[in-house]
Each structure stands twice: as structure tokens, then as C-alpha cells.
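Everything below belongs to run.pdb, which stores PDB, C-alpha atoms.
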ATOM      1  CA  MET A  16     140.934 301.879 185.804
ATOM      2  CA  PHE A  17     143.408 298.961 185.870
ATOM      3  CA  GLU A  18     146.345 301.360 185.422
ATOM      4  CA  ALA A  19     145.123 303.546 188.296
ATOM      5  CA  LEU A  20     144.743 300.567 190.644
ATOM      6  CA  LEU A  21     148.153 299.239 189.568
ATOM      7  CA  SER A  22     149.611 302.642 190.424
ATOM      8  CA  VAL A  23     148.025 302.448 193.898
ATOM      9  CA  ALA A  24     149.430 298.921 194.326
ATOM     10  CA  ILE A  25     152.966 299.930 193.296
ATOM     11  CA  THR A  26     152.932 303.057 195.463
ATOM     12  CA  THR A  27     151.722 300.992 198.436
ATOM     13  CA  ALA A  28     154.349 298.298 197.874
ATOM     14  CA  VAL A  29     157.129 300.893 197.755
ATOM     15  CA  LEU A  30     155.939 302.979 200.722
ATOM     16  CA  LEU A  31     154.832 300.193 203.047
ATOM     17  CA  GLY A  32     157.128 297.414 201.847
ATOM     18  CA  SER A  33     160.421 299.246 202.122
ATOM     19  CA  PRO A  34     162.575 298.368 205.142
ATOM     20  CA  GLY A  35     161.086 300.303 208.007
ATOM     21  CA  PRO A  36     160.133 299.662 211.615
ATOM     22  CA  ALA A  37     157.176 297.331 210.990
ATOM     23  CA  PRO A  38     158.845 295.225 208.245
ATOM     24  CA  LEU A  39     162.059 294.849 210.262
ATOM     25  CA  ALA A  40     160.124 293.910 213.404
ATOM     26  CA  LEU A  41     158.189 291.326 211.384
ATOM     27  CA  ALA A  42     161.385 289.841 209.928
ATOM     28  CA  ALA A  43     162.981 289.721 213.375
ATOM     29  CA  THR A  44     159.907 288.027 214.824
ATOM     30  CA  GLY A  45     159.916 285.438 212.046
ATOM     31  CA  ALA A  46     163.636 284.855 212.584
ATOM     32  CA  SER A  47     163.097 284.457 216.334
ATOM     33  CA  GLN A  48     160.423 281.786 216.421
ATOM     34  CA  GLY A  49     159.177 281.160 212.885
ATOM     35  CA  VAL A  50     156.283 282.356 210.764
ATOM     36  CA  LYS A  51     153.458 280.635 212.642
ATOM     37  CA  LYS A  52     154.304 282.249 215.978
ATOM     38  CA  GLY A  53     154.713 285.630 214.250
ATOM     39  CA  PHE A  54     151.148 285.693 212.894
ATOM     40  CA  PRO A  55     149.598 287.415 215.956
ATOM     41  CA  PHE A  56     152.128 290.259 215.626
ATOM     42  CA  LEU A  57     151.446 290.474 211.864
ATOM     43  CA  ALA A  58     147.687 290.578 212.526
ATOM     44  CA  GLY A  59     148.197 293.423 215.008
ATOM     45  CA  ILE A  60     150.331 295.388 212.556
ATOM     46  CA  LEU A  61     147.681 294.971 209.858
ATOM     47  CA  ALA A  62     144.874 295.970 212.254
ATOM     48  CA  GLY A  63     146.779 299.140 213.183
ATOM     49  CA  LEU A  64     147.425 299.833 209.504
ATOM     50  CA  LEU A  65     143.712 299.469 208.786
ATOM     51  CA  VAL A  66     143.113 302.398 211.134
ATOM     52  CA  ALA A  67     145.672 304.459 209.176
ATOM     53  CA  VAL A  68     144.075 303.453 205.845
ATOM     54  CA  ILE A  69     140.612 304.442 207.091
ATOM     55  CA  PHE A  70     141.931 307.749 208.442
ATOM     56  CA  ALA A  71     143.665 308.539 205.162
ATOM     57  CA  ALA A  72     140.735 307.405 202.995
ATOM     58  CA  THR A  73     138.255 309.556 204.915
ATOM     59  CA  GLY A  74     140.563 312.561 205.045
ATOM     60  CA  ALA A  75     140.756 312.440 208.845
ATOM     61  CA  ALA A  76     144.524 311.903 208.673
ATOM     62  CA  GLY A  77     144.768 315.400 207.229
ATOM     63  CA  LEU A  78     143.997 316.637 210.743
ATOM     64  CA  LEU A  79     147.311 315.138 211.893
ATOM     65  CA  VAL A  80     149.179 316.990 209.164
ATOM     66  CA  SER A  81     147.483 320.266 210.074
ATOM     67  CA  HIS A  82     148.468 319.870 213.749
ATOM     68  CA  PRO A  83     152.246 319.433 213.909
ATOM     69  CA  GLN A  84     152.180 319.137 217.723
ATOM     70  CA  VAL A  85     149.992 316.022 217.503
ATOM     71  CA  THR A  86     152.243 314.552 214.813
ATOM     72  CA  LEU A  87     155.318 315.221 216.948
ATOM     73  CA  MET A  88     153.697 313.645 220.006
ATOM     74  CA  LEU A  89     152.744 310.548 217.949
ATOM     75  CA  LYS A  90     156.270 310.388 216.582
ATOM     76  CA  TRP A  91     157.769 310.284 220.097
ATOM     77  CA  LEU A  92     155.184 307.767 221.373
ATOM     78  CA  ALA A  93     155.806 305.546 218.346
ATOM     79  CA  ALA A  94     159.581 305.812 218.825
ATOM     80  CA  ALA A  95     159.326 304.799 222.477
ATOM     81  CA  TYR A  96     157.079 301.872 221.629
ATOM     82  CA  LEU A  97     159.298 300.742 218.740
ATOM     83  CA  ILE A  98     162.319 300.764 221.040
ATOM     84  CA  TYR A  99     160.318 298.614 223.479
ATOM     85  CA  VAL A 100     159.479 296.163 220.644
ATOM     86  CA  ALA A 101     163.167 296.123 219.608
ATOM     87  CA  TYR A 102     164.115 295.307 223.202
ATOM     88  CA  LYS A 103     161.544 292.506 223.288
ATOM     89  CA  ILE A 104     163.026 291.028 220.091
ATOM     90  CA  ALA A 105     166.650 291.335 221.234
ATOM     91  CA  ALA A 106     165.963 290.054 224.761
ATOM     92  CA  ASN A 107     164.210 286.914 223.557
ATOM     93  CA  ASN A 108     166.454 284.245 225.081
ATOM     94  CA  ALA A 109     164.038 281.359 224.669
ATOM     95  CA  ALA A 110     165.288 278.292 222.871
ATOM     96  CA  LEU A 111     164.471 277.884 219.181
ATOM     97  CA  GLY A 112     160.745 277.449 218.748
ATOM     98  CA  SER A 113     160.068 277.226 222.485
ATOM     99  CA  ALA A 114     156.675 278.127 223.868
ATOM    100  CA  GLY A 115     158.211 280.443 226.475
ATOM    101  CA  ALA A 116     159.387 283.036 223.987
ATOM    102  CA  GLN A 117     158.342 286.610 224.739
ATOM    103  CA  LEU A 118     157.659 287.679 221.157
ATOM    104  CA  PRO A 119     155.816 290.809 220.109
ATOM    105  CA  SER A 120     152.064 290.150 220.342
ATOM    106  CA  PHE A 121     148.931 291.276 218.477
ATOM    107  CA  LYS A 122     148.698 294.206 220.885
ATOM    108  CA  ASP A 123     152.322 295.186 220.185
ATOM    109  CA  GLY A 124     151.732 295.175 216.433
ATOM    110  CA  PHE A 125     148.475 297.104 216.728
ATOM    111  CA  ILE A 126     149.948 299.804 218.940
ATOM    112  CA  LEU A 127     153.077 299.972 216.755
ATOM    113  CA  ASN A 128     151.096 300.928 213.633
ATOM    114  CA  LEU A 129     148.406 302.867 215.489
ATOM    115  CA  LEU A 130     151.093 305.265 216.760
ATOM    116  CA  ASN A 131     153.302 305.060 213.657
ATOM    117  CA  PRO A 132     153.313 308.425 211.843
ATOM    118  CA  LYS A 133     155.041 306.714 208.878
ATOM    119  CA  ALA A 134     151.948 304.543 208.352
ATOM    120  CA  TYR A 135     149.689 307.609 208.281
ATOM    121  CA  ALA A 136     152.083 309.571 206.065
ATOM    122  CA  ALA A 137     152.355 306.656 203.627
ATOM    123  CA  CYS A 138     148.566 306.268 203.488
ATOM    124  CA  ILE A 139     148.081 310.011 202.987
ATOM    125  CA  ALA A 140     150.606 309.916 200.119
ATOM    126  CA  ILE A 141     148.857 306.908 198.570
ATOM    127  CA  PHE A 142     145.440 308.557 198.645
ATOM    128  CA  ALA A 143     146.817 311.929 197.552
ATOM    129  CA  THR A 144     148.245 310.359 194.401
ATOM    130  CA  ALA A 145     145.409 307.867 193.816
ATOM    131  CA  SER A 146     142.972 309.019 191.184
ATOM    132  CA  VAL A 147     140.900 305.940 190.479
ATOM    133  CA  PRO A 148     138.203 306.555 187.894
ATOM    134  CA  ALA A 149     134.893 305.286 189.269
ATOM    135  CA  SER A 150     131.200 306.114 189.301
ATOM    136  CA  SER A 151     131.583 308.063 192.560
ATOM    137  CA  ASN A 152     134.216 309.330 194.975
ATOM    138  CA  LEU A 153     133.085 306.727 197.510
ATOM    139  CA  VAL A 154     133.624 303.846 195.056
ATOM    140  CA  ALA A 155     137.009 305.261 194.018
ATOM    141  CA  THR A 156     138.080 305.574 197.663
ATOM    142  CA  LEU A 157     136.886 302.059 198.529
ATOM    143  CA  LEU A 158     138.741 300.598 195.539
ATOM    144  CA  ALA A 159     141.975 302.444 196.376
ATOM    145  CA  ALA A 160     141.702 301.517 200.079
ATOM    146  CA  SER A 161     141.076 297.854 199.255
ATOM    147  CA  VAL A 162     144.046 297.629 196.891
ATOM    148  CA  CYS A 163     146.240 299.460 199.408
ATOM    149  CA  TYR A 164     145.284 297.099 202.230
ATOM    150  CA  VAL A 165     145.632 293.899 200.176
ATOM    151  CA  VAL A 166     149.107 294.949 199.016
ATOM    152  CA  ALA A 167     150.038 295.791 202.622
ATOM    153  CA  ILE A 168     148.943 292.304 203.704
ATOM    154  CA  VAL A 169     151.141 290.773 200.995
ATOM    155  CA  VAL A 170     154.283 292.844 201.675
ATOM    156  CA  ASP A 171     154.062 292.497 205.456
ATOM    157  CA  THR A 172     153.548 288.735 205.126
ATOM    158  CA  ILE A 173     156.618 288.562 202.855
ATOM    159  CA  TRP A 174     158.738 290.255 205.557
ATOM    160  CA  LEU A 175     157.513 287.768 208.180
ATOM    161  CA  VAL A 176     158.197 284.846 205.819
ATOM    162  CA  LEU A 177     161.704 286.171 205.064
ATOM    163  CA  GLY A 178     162.401 286.094 208.783
ATOM    164  CA  GLY A 179     160.892 282.611 208.904
ATOM    165  CA  VAL A 180     163.311 281.463 206.190
ATOM    166  CA  ILE A 181     166.188 282.575 208.405
ATOM    167  CA  PHE A 182     164.577 280.668 211.297
ATOM    168  CA  LYS A 183     164.234 277.463 209.250
ATOM    169  CA  THR A 184     167.696 277.569 207.665
ATOM    170  CA  LEU A 185     169.726 278.565 210.708
ATOM    171  CA  LYS A 186     169.565 276.280 213.696
ATOM    172  CA  ASP A 187     172.508 277.707 215.615
ATOM    173  CA  GLU A 188     171.170 279.532 218.701
ATOM    174  CA  THR A 189     174.132 281.918 218.829
ATOM    175  CA  VAL A 190     173.777 282.967 215.184
ATOM    176  CA  LEU A 191     170.019 283.459 215.555
ATOM    177  CA  LYS A 192     170.583 285.560 218.689
ATOM    178  CA  ARG A 193     173.025 287.748 216.738
ATOM    179  CA  ILE A 194     170.491 288.106 213.928
ATOM    180  CA  ARG A 195     167.726 289.081 216.398
ATOM    181  CA  VAL A 196     169.990 291.633 218.065
ATOM    182  CA  SER A 197     171.062 292.973 214.637
ATOM    183  CA  PHE A 198     167.423 293.398 213.590
ATOM    184  CA  ALA A 199     166.628 295.083 216.913
ATOM    185  CA  LEU A 200     169.608 297.468 216.635
ATOM    186  CA  THR A 201     168.681 298.314 213.036
ATOM    187  CA  LEU A 202     165.153 299.042 214.224
ATOM    188  CA  VAL A 203     166.481 301.385 216.927
ATOM    189  CA  VAL A 204     168.747 303.148 214.405
ATOM    190  CA  LEU A 205     165.764 303.645 212.059
ATOM    191  CA  VAL A 206     163.697 305.024 214.945
ATOM    192  CA  LEU A 207     166.432 307.463 215.952
ATOM    193  CA  TYR A 208     166.973 308.468 212.332
ATOM    194  CA  GLY A 209     163.244 309.135 212.002
ATOM    195  CA  LEU A 210     163.217 311.208 215.176
ATOM    196  CA  PHE A 211     166.281 313.352 214.633
ATOM    197  CA  VAL A 212     167.009 313.419 210.905
ATOM    198  CA  VAL A 213     163.735 313.094 208.994
TER     199      VAL A 213
END

Rewrite the structure of this file - the entire thing - as C-alpha cells.
Amino acid sequence: MFEALLSVAITTAVLLGSPGPAPLALAATGASQGVKKGFPFLAGILAGLLVAVIFAATGAAGLLVSHPQVTLMLKWLAAAYLIYVAYKIAANNAALGSAGAQLPSFKDGFILNLLNPKAYAACIAIFATASVPASSNLVATLLAASVCYVVAIVVDTIWLVLGGVIFKTLKDETVLKRIRVSFALTLVVLVLYGLFVV
């Protein structure tokens, strides 16, 4: 059973921890105002991901795959929202650590992952390849879902902390602004790539 759960953990780390919209937005948020102020956004991202994990674990996410029109609509809604989040990150002109910063919020993170087809696709792939030996299908699903979610918490927190390291080490407002804009532009490029290439 350990090998099966390790396989779920590795698959989750690769699929959800690779540079994508949510990780880049987390890093940019951490770089903007530090880790502590990025926690609400992280909590929202994880809450939205929990919905995707539950959908995938129960098989409900399969309905999205069987209805390409719904998937396409979600893809466009997610892209629009991600571009809004990128704008919010890039347009943050508040001074370092100031209370007036307009950072992505819990709601932004929740909506981001709730509408994110990549989150659902990753969770579907994780559960499609997860064969955890257990006394019942329910126990196997609960174990796989728990490992998946714990690993997601770890990798998303790492992205926020990486951004926070940038925030702590760089104190030059101009450099931090360039970093925020770079993260935001990379996020937009990923969104456009996902819309038109993938």
C-alpha cells in the first residue's frame, strides 16, 4: 500500500506542483507582499482544489470530460479570471508590505481553482492512475484523496514561500514591481497557451 500511496503523492506533486497558473499566482503574491499576506489566497486555492478532488474522487468530474462544451466554457471562464488575477498582481502599486495592497483574496483563489479545468484534469489523472489496495473502494478513494490533498497543500505552500523569499531578499520597489509584472505576464502567456495550443 505504501508504494501505491507514494505513487499518488509523486503524481500529485508533478501535476499540481509544476509551474502553472495557481503556482505562479501564489509565487507572485508572495513576492508582492510576503507569505503571511498571501495565506488567504492560498487558502482559497486549496478550497477550490478540494472541490476538484471531491469531483474526481466521486467520478463526477467525468461528466465534464463527457461534455466538451462545458469543459470549453470552464476553460474560457478560468482564462478570463486568471487574466484578472494577473492584472491584480501586476497593478499592485502599494509600497512593500503596506496594508493597502490589492492582492488576490481567498475568493480569488477559490474561483481560480473552481473554474480551472487543469485542476480537474490533474485530479482525474491522479484518480485514474491511483490503485490503492484497501479493504473497500471507499477506503481506497479516501486514502488517495487525502494523500493528493496533503501533497497539494505542501506544493502550493512551497510556491507561496518561494515568492516570500523573493519578497524578503529584495527590498528595491522597482525590482519587485518588475518581478510582479514578469509573473503576471508569464501567467497570461500560460493562460493563452492553454486556450489556443493545448

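Checking A:Leu202, A:Ala160, A:Val169, A:Phe17 one by one against A:Tyr99, counting all atoms listed in the file, you find the shortest gap at A:Leu202.
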
Excluding stretch 125-130 of chain A and any residue of its chain fewer than 3 positions from it, enumerate the residues within 12 Å of it, using all atoms listed in the file, and give them as a ChimeraX atom specification. /A:31,35-38,40-41,55-70,76,79,85-101,119-122,133-138,206

Since we have the selection now, will you write its residues out, keeping C-alpha atoms, as a PDB file, in the frame of the given file?
ATOM      1  CA  LEU A  31     154.832 300.193 203.047  1.00  0.00           C
ATOM      2  CA  GLY A  35     161.086 300.303 208.007  1.00  0.00           C
ATOM      3  CA  PRO A  36     160.133 299.662 211.615  1.00  0.00           C
ATOM      4  CA  ALA A  37     157.176 297.331 210.990  1.00  0.00           C
ATOM      5  CA  PRO A  38     158.845 295.225 208.245  1.00  0.00           C
ATOM      6  CA  ALA A  40     160.124 293.910 213.404  1.00  0.00           C
ATOM      7  CA  LEU A  41     158.189 291.326 211.384  1.00  0.00           C
ATOM      8  CA  PRO A  55     149.598 287.415 215.956  1.00  0.00           C
ATOM      9  CA  PHE A  56     152.128 290.259 215.626  1.00  0.00           C
ATOM     10  CA  LEU A  57     151.446 290.474 211.864  1.00  0.00           C
ATOM     11  CA  ALA A  58     147.687 290.578 212.526  1.00  0.00           C
ATOM     12  CA  GLY A  59     148.197 293.423 215.008  1.00  0.00           C
ATOM     13  CA  ILE A  60     150.331 295.388 212.556  1.00  0.00           C
ATOM     14  CA  LEU A  61     147.681 294.971 209.858  1.00  0.00           C
ATOM     15  CA  ALA A  62     144.874 295.970 212.254  1.00  0.00           C
ATOM     16  CA  GLY A  63     146.779 299.140 213.183  1.00  0.00           C
ATOM     17  CA  LEU A  64     147.425 299.833 209.504  1.00  0.00           C
ATOM     18  CA  LEU A  65     143.712 299.469 208.786  1.00  0.00           C
ATOM     19  CA  VAL A  66     143.113 302.398 211.134  1.00  0.00           C
ATOM     20  CA  ALA A  67     145.672 304.459 209.176  1.00  0.00           C
ATOM     21  CA  VAL A  68     144.075 303.453 205.845  1.00  0.00           C
ATOM     22  CA  ILE A  69     140.612 304.442 207.091  1.00  0.00           C
ATOM     23  CA  PHE A  70     141.931 307.749 208.442  1.00  0.00           C
ATOM     24  CA  ALA A  76     144.524 311.903 208.673  1.00  0.00           C
ATOM     25  CA  LEU A  79     147.311 315.138 211.893  1.00  0.00           C
ATOM     26  CA  VAL A  85     149.992 316.022 217.503  1.00  0.00           C
ATOM     27  CA  THR A  86     152.243 314.552 214.813  1.00  0.00           C
ATOM     28  CA  LEU A  87     155.318 315.221 216.948  1.00  0.00           C
ATOM     29  CA  MET A  88     153.697 313.645 220.006  1.00  0.00           C
ATOM     30  CA  LEU A  89     152.744 310.548 217.949  1.00  0.00           C
ATOM     31  CA  LYS A  90     156.270 310.388 216.582  1.00  0.00           C
ATOM     32  CA  TRP A  91     157.769 310.284 220.097  1.00  0.00           C
ATOM     33  CA  LEU A  92     155.184 307.767 221.373  1.00  0.00           C
ATOM     34  CA  ALA A  93     155.806 305.546 218.346  1.00  0.00           C
ATOM     35  CA  ALA A  94     159.581 305.812 218.825  1.00  0.00           C
ATOM     36  CA  ALA A  95     159.326 304.799 222.477  1.00  0.00           C
ATOM     37  CA  TYR A  96     157.079 301.872 221.629  1.00  0.00           C
ATOM     38  CA  LEU A  97     159.298 300.742 218.740  1.00  0.00           C
ATOM     39  CA  ILE A  98     162.319 300.764 221.040  1.00  0.00           C
ATOM     40  CA  TYR A  99     160.318 298.614 223.479  1.00  0.00           C
ATOM     41  CA  VAL A 100     159.479 296.163 220.644  1.00  0.00           C
ATOM     42  CA  ALA A 101     163.167 296.123 219.608  1.00  0.00           C
ATOM     43  CA  PRO A 119     155.816 290.809 220.109  1.00  0.00           C
ATOM     44  CA  SER A 120     152.064 290.150 220.342  1.00  0.00           C
ATOM     45  CA  PHE A 121     148.931 291.276 218.477  1.00  0.00           C
ATOM     46  CA  LYS A 122     148.698 294.206 220.885  1.00  0.00           C
ATOM     47  CA  LYS A 133     155.041 306.714 208.878  1.00  0.00           C
ATOM     48  CA  ALA A 134     151.948 304.543 208.352  1.00  0.00           C
ATOM     49  CA  TYR A 135     149.689 307.609 208.281  1.00  0.00           C
ATOM     50  CA  ALA A 136     152.083 309.571 206.065  1.00  0.00           C
ATOM     51  CA  ALA A 137     152.355 306.656 203.627  1.00  0.00           C
ATOM     52  CA  CYS A 138     148.566 306.268 203.488  1.00  0.00           C
ATOM     53  CA  VAL A 206     163.697 305.024 214.945  1.00  0.00           C
TER      54      VAL A 206
END

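For the set A:Ala24, A:Ser47, A:Tyr208, A:Glu188, the residue with the smallest atom-to-atom gap to A:Ile141 is A:Ala24, counting all atoms listed in the file.
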
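Between atom CA of A:Leu200 and atom CA of A:Ala105 the interatomic distance comes to 8.2 Å.
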
Report as a ChimeraX atom specification all protein, DNA and RNA residues lying within 10 Å of A:Leu118, evaluated on only C-alpha atoms, omitting residues in the same chain fewer than 3 positions from it. /A:43-45,47-48,52-53,55-56,100,103-107,109,114-115,121,123

Would you mind telling me which residue in A:Val170, A:Ala71, A:Leu207, A:Val196 lies nearest to A:Ser33 when using all atoms listed in the file? A:Val170

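As for atom CA of A:Lys183 and atom CA of A:Gly32, they are spaced 22.4 Å apart.
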
So how many Å separate atom CA of A:Ile181 and atom CA of A:Leu39, to one decimal? 13.1 Å

Output check: residues returned by the PyMOL selection byres ((chain A and resi 161) around 12), as a PyMOL selection string: chain A and resi 20+23-24+27+65+68-69+72+141-142+147+154-160+162-168

When the PyMOL selection byres ((chain A and resi 50) around 9) is applied to the file above, which residues end up in the set, as an MDAnalysis selection string? chainID A and resid 44:46 48:49 51:54 172 175:180 182

Write out as JSON an axis-aligned box for stretch 17-32 of chain A: all of its atoms listed in the file, 8 Å added on each side, centre and edge lengths in Å with one decimal.
{"center_x": 150.3, "center_y": 300.5, "center_z": 194.2, "size_x": 29.7, "size_y": 22.1, "size_z": 33.6}

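For the set A:Ser81, A:Thr189, A:Thr184, A:Thr26, the residue with the smallest atom-to-atom gap to A:Ala143 is A:Thr26, counting all atoms listed in the file.
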
Restricting the calculation to all atoms listed in the file, which member of A:Leu185, A:Ile139, A:Leu21, A:Ala28 is positioned closest to A:Ala75? A:Ile139
